[in-house]
Protein chains: 4
Amino acid sequence: MKTVSVCGVYPPIPTPFEESGALALGRLAENLSKWNETPLAGYVVLGSNGESVHIKEEERARIIAAARKAIPSDKLLIVGTGAHSTEVATQRTKAAANLGAEVALVLTPHYYKAQMTAEALRRHYLALADASTIPLLLYQVPRFTGLELPVDTIIELAQHPNIVGIKDSAGNLGRLGEMIRRAPSGFSVLAGSGSFFYPALTLGAAGGVLAVANLLPEECCQIYRGLQEGRYAEGRELQLKIIAVNDAVTTRFGVPGLKAALDLLGYYGGPPRSPLAYPSPQEVAEIQKVLHEAVSTPTAY
Amino acid sequence: MKTVSVCGVYPPIPTPFEESGALALGRLAENLSKWNETPLAGYVVLGSNGESVHIKEEERARIIAAARKAIPSDKLLIVGTGAHSTEVATQRTKAAANLGAEVALVLTPHYYKAQMTAEALRRHYLALADASTIPLLLYQVPRFTGLELPVDTIIELAQHPNIVGIKDSAGNLGRLGEMIRRAPSGFSVLAGSGSFFYPALTLGAAGGVLAVANLLPEECCQIYRGLQEGRYAEGRELQLKIIAVNDAVTTRFGVPGLKAALDLLGYYGGPPRSPLAYPSPQEVAEIQKVLHEAVSTPTAY
Amino acid sequence: MKTVSVCGVYPPIPTPFEESGALALGRLAENLSKWNETPLAGYVVLGSNGESVHIKEEERARIIAAARKAIPSDKLLIVGTGAHSTEVATQRTKAAANLGAEVALVLTPHYYKAQMTAEALRRHYLALADASTIPLLLYQVPRFTGLELPVDTIIELAQHPNIVGIKDSAGNLGRLGEMIRRAPSGFSVLAGSGSFFYPALTLGAAGGVLAVANLLPEECCQIYRGLQEGRYAEGRELQLKIIAVNDAVTTRFGVPGLKAALDLLGYYGGPPRSPLAYPSPQEVAEIQKVLHEAVSTPTAY
Amino acid sequence: MKTVSVCGVYPPIPTPFEESGALALGRLAENLSKWNETPLAGYVVLGSNGESVHIKEEERARIIAAARKAIPSDKLLIVGTGAHSTEVATQRTKAAANLGAEVALVLTPHYYKAQMTAEALRRHYLALADASTIPLLLYQVPRFTGLELPVDTIIELAQHPNIVGIKDSAGNLGRLGEMIRRAPSGFSVLAGSGSFFYPALTLGAAGGVLAVANLLPEECCQIYRGLQEGRYAEGRELQLKIIAVNDAVTTRFGVPGLKAALDLLGYYGGPPRSPLAYPSPQEVAEIQKVLHEAVSTPTAY
């Protein structure tokens with residue numbers, strides 16, 4: 001039995017910075033107050049889109065606390081707590097729990113790739129799951145890490161009562177289907193990218209952690225709710241609509257693209273931290289065009 | 001307007017050999033006569049699963065002719081005619097057409113990967129499409145070739161009246177969705193692997209060319225027909241059933257695994273050509289176990 | 001004991017075509033007559049730079065015969081005979097031997113990568129080595145094939161009296177050093193690219209099969225002879241000279257670049273076969289600049 | 001003009017831990033006192049082999065200070081200070097300089113790979129070079145990061161007076177040769193792995209940062225000195241000797257293998273931090289065998 005059921009749509013929110021690079025926590029609260037009015041099931045803070053690798057250890061607590069304050073109790077607060085060492089991942093997870101995180105999203109360690117065997121990854125996650133007071137989501141994103149968890153290892157970890165799901169950004173629908181087929185009941189397989197959100201849902205995914213949900217939260221939630229109510233054709237149409245936006249704010253322009261798109265839509269995006277740079281005016285125009293096309297395309301529903 | 005609409009389920013059939021390595025064309029006819037009793041929409045002959053790279057030029061005509069004879073007119077005969085050189089691909093396509101092939105499946109050239117730019121691939125396919133009397137399906141399978149067609153190139157090629165679709169074995173559902181969204185009406189996007197067949201159909205794919213359809217033709221066709229009639233839950237359940245079988249006969253054991261599975265199911269599989277080798281008894285037992293689980297799992301439908 | 005010792009410098013020569021795409025065998029003879037006046041140890045015909053994947057089976061014999069006629073007996077004729085199937089590789093090797101080839105260069109089969117285990121590759125090469133009347137060179141080029149022979153397999157194959165060496169285009173000097181350290185005496189490890197020719201020689205490589213040796217045969221041979229006589233500083237200086245040319249005619253512009261460079265230097269390059277295309281005028285100008293710099297840089301020797 | 005010339009052999013030293021995982025700084029001093037008696041030119045602290053990704057920010061200063069105290073003034077102290085964000089890399093570099101580091105080794109940022117364009121990498125390194133009071137070495141290791149600096153970018157950065165060299169663990173000798181040919185005088189290209197140390201030196205590399213130099217410092221230094229004095233044959237023989245050891249403590253068993261090998265040789269290796277784990281008894285036996293073979297092989301010199 002899992003203690004928490006993670007389902008629905010979660011945006012991995014960007015961390016807002018001032019032009020100086022300092023944290024802009026007021027902006028974080030403003031963004032959240034807008035998203036709070038949508039049917040999003042919750043938020044991922046300090047994930048890849050939150051530039052977790054650019055955040056200093058002492059800034060983590062401030063960001064989590066600010067998010068906690070701005071997130072109502074009916075929305076789930078998931079915090080990214082992964083680290084290359086088991087000890088640091090454990091410390092981050094405990095600290096996040098103390099600050100009100102309800103679930104920890106734990107990226108695979110991946111620097112010493114050749115040594116990240118199934119055994120090493122199992123050791124890492126089991127130690128963490130035993131030590132943590134809050135449940136864990138596994139998190140794999142080979143585009144950034146060059147590493148994918150073996151399906152057998154995922155299934156083995158899924159037996160642990162404190163491991164409640166996986167954010168899978170690999171996008172291999174065959175393996176994702178195997179996870180769904182073999183995982184115990186209550187283990188949530190979440191699509192880690194908008195590019196395959198609807199197809200993953202049709203296979204039985206429990207929801208998604210989607211960068212594009214920062215920009216099009218209503219559409220993403222509509223896909224999710226629609227499928228639960230059997231509206232497949234609607235889901236398909238919306239999926240085709242969000243794909244191009246998703247592509248622009250992930251593979252093509254990355255986190256800087258996501259921040260520029262937020263600025264265009266009335267949220268606060270602001271600058272990423274160096275060496276990332278805000279998109280050029282020409283790139284912003286491209287992003288605007290993609291957003292405009294998606295938003296203005298009439299849907300039958 | 002496309003001259004042919006390629007939709008439904010097509011197995012890429014293996015080429016049967018005697019123990020000596022000689023063509024076993026009688027066995028080919030026997031297998032086809034069994035598959036002909038299923039709702040398969042047609043067949044792919046001389047594709048990757050047909051060991052096309054192991055077939056001598058002079059054997060091609062004999063195989064195509066034998067297949068043509070054994071395939072009724074209500075099932076489509078698709079023949080793999082790709083080659084590294086445009087001229088050879090053109091010759092093979094013309095020869096196949098003369099022997100009764102209705103559609104040519106054209107693998108990307110891929111040896112000189114660094115030179116296979118969008119421009120080179122466009123040149124290759126447009127020359128072929130102009131020269132061919134039968135319509136073409138593009139075919140990409142990065143697992144074997146290390147190469148993927150850019151989506152923009154696919155969309156551009158899709159405008160040609162003689163290019164009627166693509167067999168996409170890459171399995172990136174985001175890009176597959178983009179193809180479906182942007183391609184002109186009548187252009188068929190076909191799932192190139194059973195691992196993502198149902199998710200691709202939910203996005204609007206026109207069908208699939210699936211190794212697993214050699215083994216479980218009824219199930220694959222049921223997924224396809226079911227979706228057309230809105231039976232999503234059934235499709236999902238069947239998809240989860242075929243995934244493990246698909247995995248065994250593609251990534252894990254490859255063409256030799258597919259041949260062993262055919263032998264286990266009462267078809268003729270027989271030996272692959274060297275350096276491929278028939279699976280060991282232990283591997284055959286594993287394949288049998290996977291098949292047994294899939295076939296014996298009761299489905300609600 | 002190996003029957004043939006393969007050492008020194010060998011250019012993998014391009015196959016000349018008319019503008020129509022037809023074989024230009026007179027041009028082949030003319031090029032060879034020029035190269036024959038240099039200290040090159042021999043030639044590789046029908047290798048990757050010979051566009052072997054663009055050559056029809058019936059053209060192979062004509063090319064080999066033309067080369068044989070134009071190559072004097074004191075220079076070695078090596079012919080590329082690799083194929084995906086063991087049987088075809090064997091037939092090509094026998095046919096080449098009958099036409100006067102002295103050594104066969106055998107590319108790794110590589111289409112079904114997941115099944116190309118150490119065992120499959122061993123089976124392929126041992127069957128071929130047993131069947132062939134002429135000695136074999138192994139040939140690996142992961143840039144084109146996505147596949148590398150395990151060092152243990154190379155060492156095992158090196159025990160066969162009819163396997164006399166390897167053309168290694170992978171360029172991992174650690175593994176190349178291991179081959180040299182562990183292979184039996186008489187087994188020739190040949191650098192497969194000019195980019196690491198001199199470093200490979202300093203480690204004990206027996207020579208090189210170098211695209212750049214088509215263009216700068218004297219310089220390549222001088223590196224080789226110089227090292228035998230202990231002139232390391234000269235070798236180093238010449239190596240730095242050939243690197244940029246090598247890069248232009250391999251990774252950057254590939255076989256079309258090599259052909260354009262030959263045209264610029266008074267040899268016959270001519271068009272590659274489609275989908276490869278002759279470099280644009282701007283690219284030819286770049287190649288000319290690189291050649292000019294290399295040729296005009298004074299060397300201290 | 002570069003302010004510091006980095007040449008010779010540098011081991012990237014492991015960080016010793018107690019069984020509890022706590023820093024074992026006394027052990028660090030003991031190891032250094034042994035290495036200090038060899039001709040090593042200096043040390044790299046907090047590099048990949050120092051498990052930098054497992055070290056907490058507050059532990060960094062303690063490790064650097066302990067190393068500084070144990071390293072005599074005639075040996076160079078190089079400290080790894082790379083980070084994903086430019087600001088953190090800058091802070092780490094300044095802190096290291098304050099603690100007595102003489103050179104900073106700066107790993108490429110690499111998490112957001114698609115956004116790590118030549119422009120982003122240039123921005124990162126130039127900002128750091130301007131801000132740092134000590135000179136920088138670039139550091140690329142695609143085996144861990146999945147990312148390689150373009151040669152053009154390296155050459156551009158090499159013009160900065162405060163960027164004095166590169167540790168190149170990519171091992172592409174063609175690109176390494178290009179760096180040597182094109183970089184301004186005084187810019188040190190250092191081999192980043194023992195697998196290609198001697199070949200790199202023959203091309204003109206200024207030295208090496210070699211994991212294997214922790215274990216075989218005399219042999220590595222002998223290769224370096226020997227080449228300066230023209231003893232190529234000796235260098236070659238020693239290189240073939242260190243390759244197998246190098247392979248065992250890098251690709252095969254990684255940092256845990258290096259630590260086990262140190263334990264076997266009378267240094268303190270000790271446990272790595274989780275999820276890395278000490279090699280199994282069987283693996284230790286394999287490492288011992290490899291060490292024994294290398295140490296017991298008589299060399300002619």
# chains A, B, ... in the order shown; residues from 1 in each chain; ligands from 1
call {"tool": "interface_residues", "arguments": {"of": "chain A", "to": "chain D", "cutoff": "6 Å", "atoms": "only C-alpha atoms", "output": "PyMOL selection string"}}
result
chain A and resi 54+85-86+111+120+124+144+274-275
call {"tool": "residues_around", "arguments": {"residues": "Thr38 in chain D", "least_positions_apart": "5", "cutoff": "10 Å", "atoms": "only C-alpha atoms", "output": "JSON list (two decimals) with C-alpha atoms, in the first residue's frame"}}
result
[["chain", "number", "residue", "atom", "x", "y", "z"],
["D", 33, "SER", "CA", 53.87, 12.27, 2.01],
["D", 216, "LEU", "CA", 52.55, 4.02, -10.74],
["D", 217, "PRO", "CA", 53.98, 7.52, -10.27],
["D", 218, "GLU", "CA", 57.56, 6.54, -11.08],
["D", 221, "CYS", "CA", 57.16, 10.28, -14.65]]
call {"tool": "select_by_dssp", "arguments": {"residues": "range 26-216 of chain D", "states": "helix (DSSP H, G or I)", "output": "MDAnalysis selection string"}}
result
chainID D and resid 26:35 48:50 52:54 57:70 86:98 113:115 118:131 142:145 151:157 173:182 194:203 211:214
call {"tool": "residues_around", "arguments": {"residues": "Leu173 in chain D", "least_positions_apart": "3", "cutoff": "9 Å", "atoms": "only C-alpha atoms", "output": "PyMOL selection string"}}
result
(chain C and resi 171-173+195-196+199) or (chain D and resi 170+176-178+196+199-200+203)
call {"tool": "select_by_dssp", "arguments": {"residues": "range 98-262 of chain C", "states": "strand (DSSP E or B)", "output": "number ranges by chain"}}
result
C: 103-107, 136-140, 163-168, 188-191, 207-209
call {"tool": "atom_distance", "arguments": {"atom1": "CA of Leu107 in chain A", "atom2": "CA of Thr133 in chain A"}}
result
17.7 Å
call {"tool": "closest_residue", "arguments": {"among": "A:Glu293, A:Glu59, A:Asp247, A:Glu229", "to": "Leu46 in chain A", "atoms": "only C-alpha atoms"}}
result
A:Glu59
call {"tool": "atom_distance", "arguments": {"atom1": "CA of Ile63 in chain A", "atom2": "CA of Leu264 in chain A"}}
result
23.5 Å
call {"tool": "atom_distance", "arguments": {"atom1": "CA of Tyr43 in chain B", "atom2": "CA of Val295 in chain B"}}
result
22.7 Å
call {"tool": "residues_around", "arguments": {"residues": "Ala66 in chain A", "least_positions_apart": "3", "cutoff": "10 Å", "atoms": "only C-alpha atoms", "output": "MDAnalysis selection string"}}
result
chainID A and resid 25:26 28:29 61:63 69:71 99
call {"tool": "closest_residue", "arguments": {"among": "A:Arg92, A:Lys259, A:Lys34, A:Arg68", "to": "Ile134 in chain A", "atoms": "only C-alpha atoms"}}
result
A:Arg92
call {"tool": "residues_around", "arguments": {"residues": "Leu215 in chain A", "least_positions_apart": "4", "cutoff": "9 Å", "atoms": "only C-alpha atoms", "output": "NGL selection string"}}
result
:A and (11 or 211 or 245 or 258 or 261-262 or 265 or 267 or 291)
call {"tool": "write_last_selection", "arguments": {"atoms": "N, CA and C atoms", "output": "mmCIF file, in the first residue's frame"}}
result
data_model
loop_
_atom_site.group_PDB
_atom_site.id
_atom_site.type_symbol
_atom_site.label_atom_id
_atom_site.label_comp_id
_atom_site.auth_asym_id
_atom_site.auth_seq_id
_atom_site.Cartn_x
_atom_site.Cartn_y
_atom_site.Cartn_z
ATOM 1 N N PRO A 11 3.280 20.847 -12.940
ATOM 2 C CA PRO A 11 4.354 21.545 -13.655
ATOM 3 C C PRO A 11 5.627 21.535 -12.811
ATOM 4 N N ALA A 211 6.825 20.239 -18.295
ATOM 5 C CA ALA A 211 7.250 21.633 -18.426
ATOM 6 C C ALA A 211 6.154 22.466 -19.084
ATOM 7 N N VAL A 245 4.531 23.463 -28.624
ATOM 8 C CA VAL A 245 4.929 24.327 -27.505
ATOM 9 C C VAL A 245 5.916 23.564 -26.625
ATOM 10 N N LEU A 258 11.513 28.260 -21.696
ATOM 11 C CA LEU A 258 10.367 28.185 -20.795
ATOM 12 C C LEU A 258 10.172 29.521 -20.074
ATOM 13 N N ALA A 261 8.799 32.100 -22.430
ATOM 14 C CA ALA A 261 7.381 31.840 -22.704
ATOM 15 C C ALA A 261 6.518 32.295 -21.526
ATOM 16 N N LEU A 262 6.993 32.084 -20.304
ATOM 17 C CA LEU A 262 6.244 32.572 -19.144
ATOM 18 C C LEU A 262 6.113 34.086 -19.200
ATOM 19 N N LEU A 265 3.459 35.130 -21.499
ATOM 20 C CA LEU A 265 2.085 34.787 -21.101
ATOM 21 C C LEU A 265 1.628 35.490 -19.833
ATOM 22 N N TYR A 267 3.185 35.582 -16.858
ATOM 23 C CA TYR A 267 3.842 35.116 -15.640
ATOM 24 C C TYR A 267 5.197 35.823 -15.545
ATOM 25 N N LEU A 291 3.677 29.773 -29.471
ATOM 26 C CA LEU A 291 2.623 29.936 -28.459
ATOM 27 C C LEU A 291 1.331 30.428 -29.098
#
call {"tool": "residues_around", "arguments": {"residues": "Arg225 in chain D", "least_positions_apart": "3", "cutoff": "10 Å", "atoms": "only C-alpha atoms", "output": "list in words"}}
result
Gly8, Val9, Pro39, Gly207, Glu219, Cys220, Cys221, Gln222, Gln228, Glu229, Gly230, Arg231 and Gly235 of chain D
call {"tool": "residues_around", "arguments": {"residues": "Thr3 in chain B", "least_positions_apart": "6", "cutoff": "8 Å", "atoms": "only C-alpha atoms", "output": "list of chain:residue names"}}
result
B:Pro135, B:Pro161, B:Asn162, B:Val164
call {"tool": "decode", "arguments": {"residues": "range 193-213 of chain B", "atoms": "N, CA, C and O atoms", "output": "PDB file, in the first residue's frame"}}
result
ATOM      1  N   SER B 193       7.029  -0.480 -34.521  1.00  0.00           N
ATOM      2  CA  SER B 193       7.302  -1.493 -33.504  1.00  0.00           C
ATOM      3  C   SER B 193       6.081  -1.680 -32.626  1.00  0.00           C
ATOM      4  O   SER B 193       5.383  -0.723 -32.297  1.00  0.00           O
ATOM      5  N   GLY B 194       5.854  -2.921 -32.222  1.00  0.00           N
ATOM      6  CA  GLY B 194       4.743  -3.222 -31.342  1.00  0.00           C
ATOM      7  C   GLY B 194       4.880  -2.571 -29.980  1.00  0.00           C
ATOM      8  O   GLY B 194       3.892  -2.444 -29.244  1.00  0.00           O
ATOM      9  N   SER B 195       6.080  -2.104 -29.629  1.00  0.00           N
ATOM     10  CA  SER B 195       6.270  -1.548 -28.294  1.00  0.00           C
ATOM     11  C   SER B 195       5.457  -0.273 -28.093  1.00  0.00           C
ATOM     12  O   SER B 195       5.129   0.075 -26.973  1.00  0.00           O
ATOM     13  N   PHE B 196       5.148   0.421 -29.176  1.00  0.00           N
ATOM     14  CA  PHE B 196       4.365   1.653 -29.023  1.00  0.00           C
ATOM     15  C   PHE B 196       3.205   1.713 -30.024  1.00  0.00           C
ATOM     16  O   PHE B 196       2.793   2.792 -30.439  1.00  0.00           O
ATOM     17  N   PHE B 197       2.678   0.546 -30.380  1.00  0.00           N
ATOM     18  CA  PHE B 197       1.644   0.494 -31.409  1.00  0.00           C
ATOM     19  C   PHE B 197       0.358   1.200 -30.953  1.00  0.00           C
ATOM     20  O   PHE B 197      -0.131   2.134 -31.607  1.00  0.00           O
ATOM     21  N   TYR B 198      -0.191   0.767 -29.822  1.00  0.00           N
ATOM     22  CA  TYR B 198      -1.433   1.351 -29.344  1.00  0.00           C
ATOM     23  C   TYR B 198      -1.302   2.845 -29.025  1.00  0.00           C
ATOM     24  O   TYR B 198      -2.133   3.653 -29.473  1.00  0.00           O
ATOM     25  N   PRO B 199      -0.236   3.268 -28.305  1.00  0.00           N
ATOM     26  CA  PRO B 199      -0.097   4.711 -28.080  1.00  0.00           C
ATOM     27  C   PRO B 199      -0.024   5.496 -29.396  1.00  0.00           C
ATOM     28  O   PRO B 199      -0.584   6.589 -29.495  1.00  0.00           O
ATOM     29  N   ALA B 200       0.652   4.936 -30.399  1.00  0.00           N
ATOM     30  CA  ALA B 200       0.742   5.636 -31.677  1.00  0.00           C
ATOM     31  C   ALA B 200      -0.639   5.742 -32.332  1.00  0.00           C
ATOM     32  O   ALA B 200      -1.002   6.782 -32.890  1.00  0.00           O
ATOM     33  N   LEU B 201      -1.412   4.680 -32.232  1.00  0.00           N
ATOM     34  CA  LEU B 201      -2.766   4.721 -32.807  1.00  0.00           C
ATOM     35  C   LEU B 201      -3.623   5.771 -32.112  1.00  0.00           C
ATOM     36  O   LEU B 201      -4.390   6.490 -32.762  1.00  0.00           O
ATOM     37  N   THR B 202      -3.488   5.874 -30.795  1.00  0.00           N
ATOM     38  CA  THR B 202      -4.319   6.867 -30.087  1.00  0.00           C
ATOM     39  C   THR B 202      -3.985   8.276 -30.533  1.00  0.00           C
ATOM     40  O   THR B 202      -4.810   9.181 -30.434  1.00  0.00           O
ATOM     41  N   LEU B 203      -2.744   8.462 -31.039  1.00  0.00           N
ATOM     42  CA  LEU B 203      -2.335   9.784 -31.535  1.00  0.00           C
ATOM     43  C   LEU B 203      -2.793  10.022 -32.960  1.00  0.00           C
ATOM     44  O   LEU B 203      -2.671  11.134 -33.478  1.00  0.00           O
ATOM     45  N   GLY B 204      -3.235   8.954 -33.641  1.00  0.00           N
ATOM     46  CA  GLY B 204      -3.665   9.125 -35.021  1.00  0.00           C
ATOM     47  C   GLY B 204      -2.835   8.373 -36.038  1.00  0.00           C
ATOM     48  O   GLY B 204      -2.982   8.614 -37.249  1.00  0.00           O
ATOM     49  N   ALA B 205      -1.970   7.472 -35.590  1.00  0.00           N
ATOM     50  CA  ALA B 205      -1.220   6.661 -36.554  1.00  0.00           C
ATOM     51  C   ALA B 205      -2.198   5.826 -37.367  1.00  0.00           C
ATOM     52  O   ALA B 205      -3.267   5.436 -36.871  1.00  0.00           O
ATOM     53  N   ALA B 206      -1.817   5.537 -38.628  1.00  0.00           N
ATOM     54  CA  ALA B 206      -2.724   4.834 -39.542  1.00  0.00           C
ATOM     55  C   ALA B 206      -2.647   3.324 -39.409  1.00  0.00           C
ATOM     56  O   ALA B 206      -3.435   2.604 -40.010  1.00  0.00           O
ATOM     57  N   GLY B 207      -1.672   2.849 -38.639  1.00  0.00           N
ATOM     58  CA  GLY B 207      -1.502   1.405 -38.492  1.00  0.00           C
ATOM     59  C   GLY B 207      -0.112   1.102 -38.018  1.00  0.00           C
ATOM     60  O   GLY B 207       0.540   1.963 -37.417  1.00  0.00           O
ATOM     61  N   GLY B 208       0.340  -0.121 -38.294  1.00  0.00           N
ATOM     62  CA  GLY B 208       1.660  -0.497 -37.817  1.00  0.00           C
ATOM     63  C   GLY B 208       2.294  -1.583 -38.650  1.00  0.00           C
ATOM     64  O   GLY B 208       1.589  -2.424 -39.230  1.00  0.00           O
ATOM     65  N   VAL B 209       3.602  -1.547 -38.725  1.00  0.00           N
ATOM     66  CA  VAL B 209       4.384  -2.633 -39.308  1.00  0.00           C
ATOM     67  C   VAL B 209       5.134  -3.246 -38.134  1.00  0.00           C
ATOM     68  O   VAL B 209       6.081  -2.667 -37.617  1.00  0.00           O
ATOM     69  N   LEU B 210       4.669  -4.405 -37.675  1.00  0.00           N
ATOM     70  CA  LEU B 210       5.024  -4.889 -36.353  1.00  0.00           C
ATOM     71  C   LEU B 210       5.565  -6.309 -36.416  1.00  0.00           C
ATOM     72  O   LEU B 210       4.856  -7.232 -36.840  1.00  0.00           O
ATOM     73  N   ALA B 211       6.808  -6.518 -35.952  1.00  0.00           N
ATOM     74  CA  ALA B 211       7.364  -7.868 -35.888  1.00  0.00           C
ATOM     75  C   ALA B 211       6.431  -8.780 -35.106  1.00  0.00           C
ATOM     76  O   ALA B 211       6.201  -9.935 -35.484  1.00  0.00           O
ATOM     77  N   VAL B 212       5.857  -8.260 -34.030  1.00  0.00           N
ATOM     78  CA  VAL B 212       5.013  -9.081 -33.166  1.00  0.00           C
ATOM     79  C   VAL B 212       3.725  -9.522 -33.877  1.00  0.00           C
ATOM     80  O   VAL B 212       3.089 -10.502 -33.464  1.00  0.00           O
ATOM     81  N   ALA B 213       3.367  -8.843 -34.958  1.00  0.00           N
ATOM     82  CA  ALA B 213       2.169  -9.242 -35.709  1.00  0.00           C
ATOM     83  C   ALA B 213       2.376 -10.555 -36.462  1.00  0.00           C
ATOM     84  O   ALA B 213       1.416 -11.190 -36.894  1.00  0.00           O
TER      85      ALA B 213
END
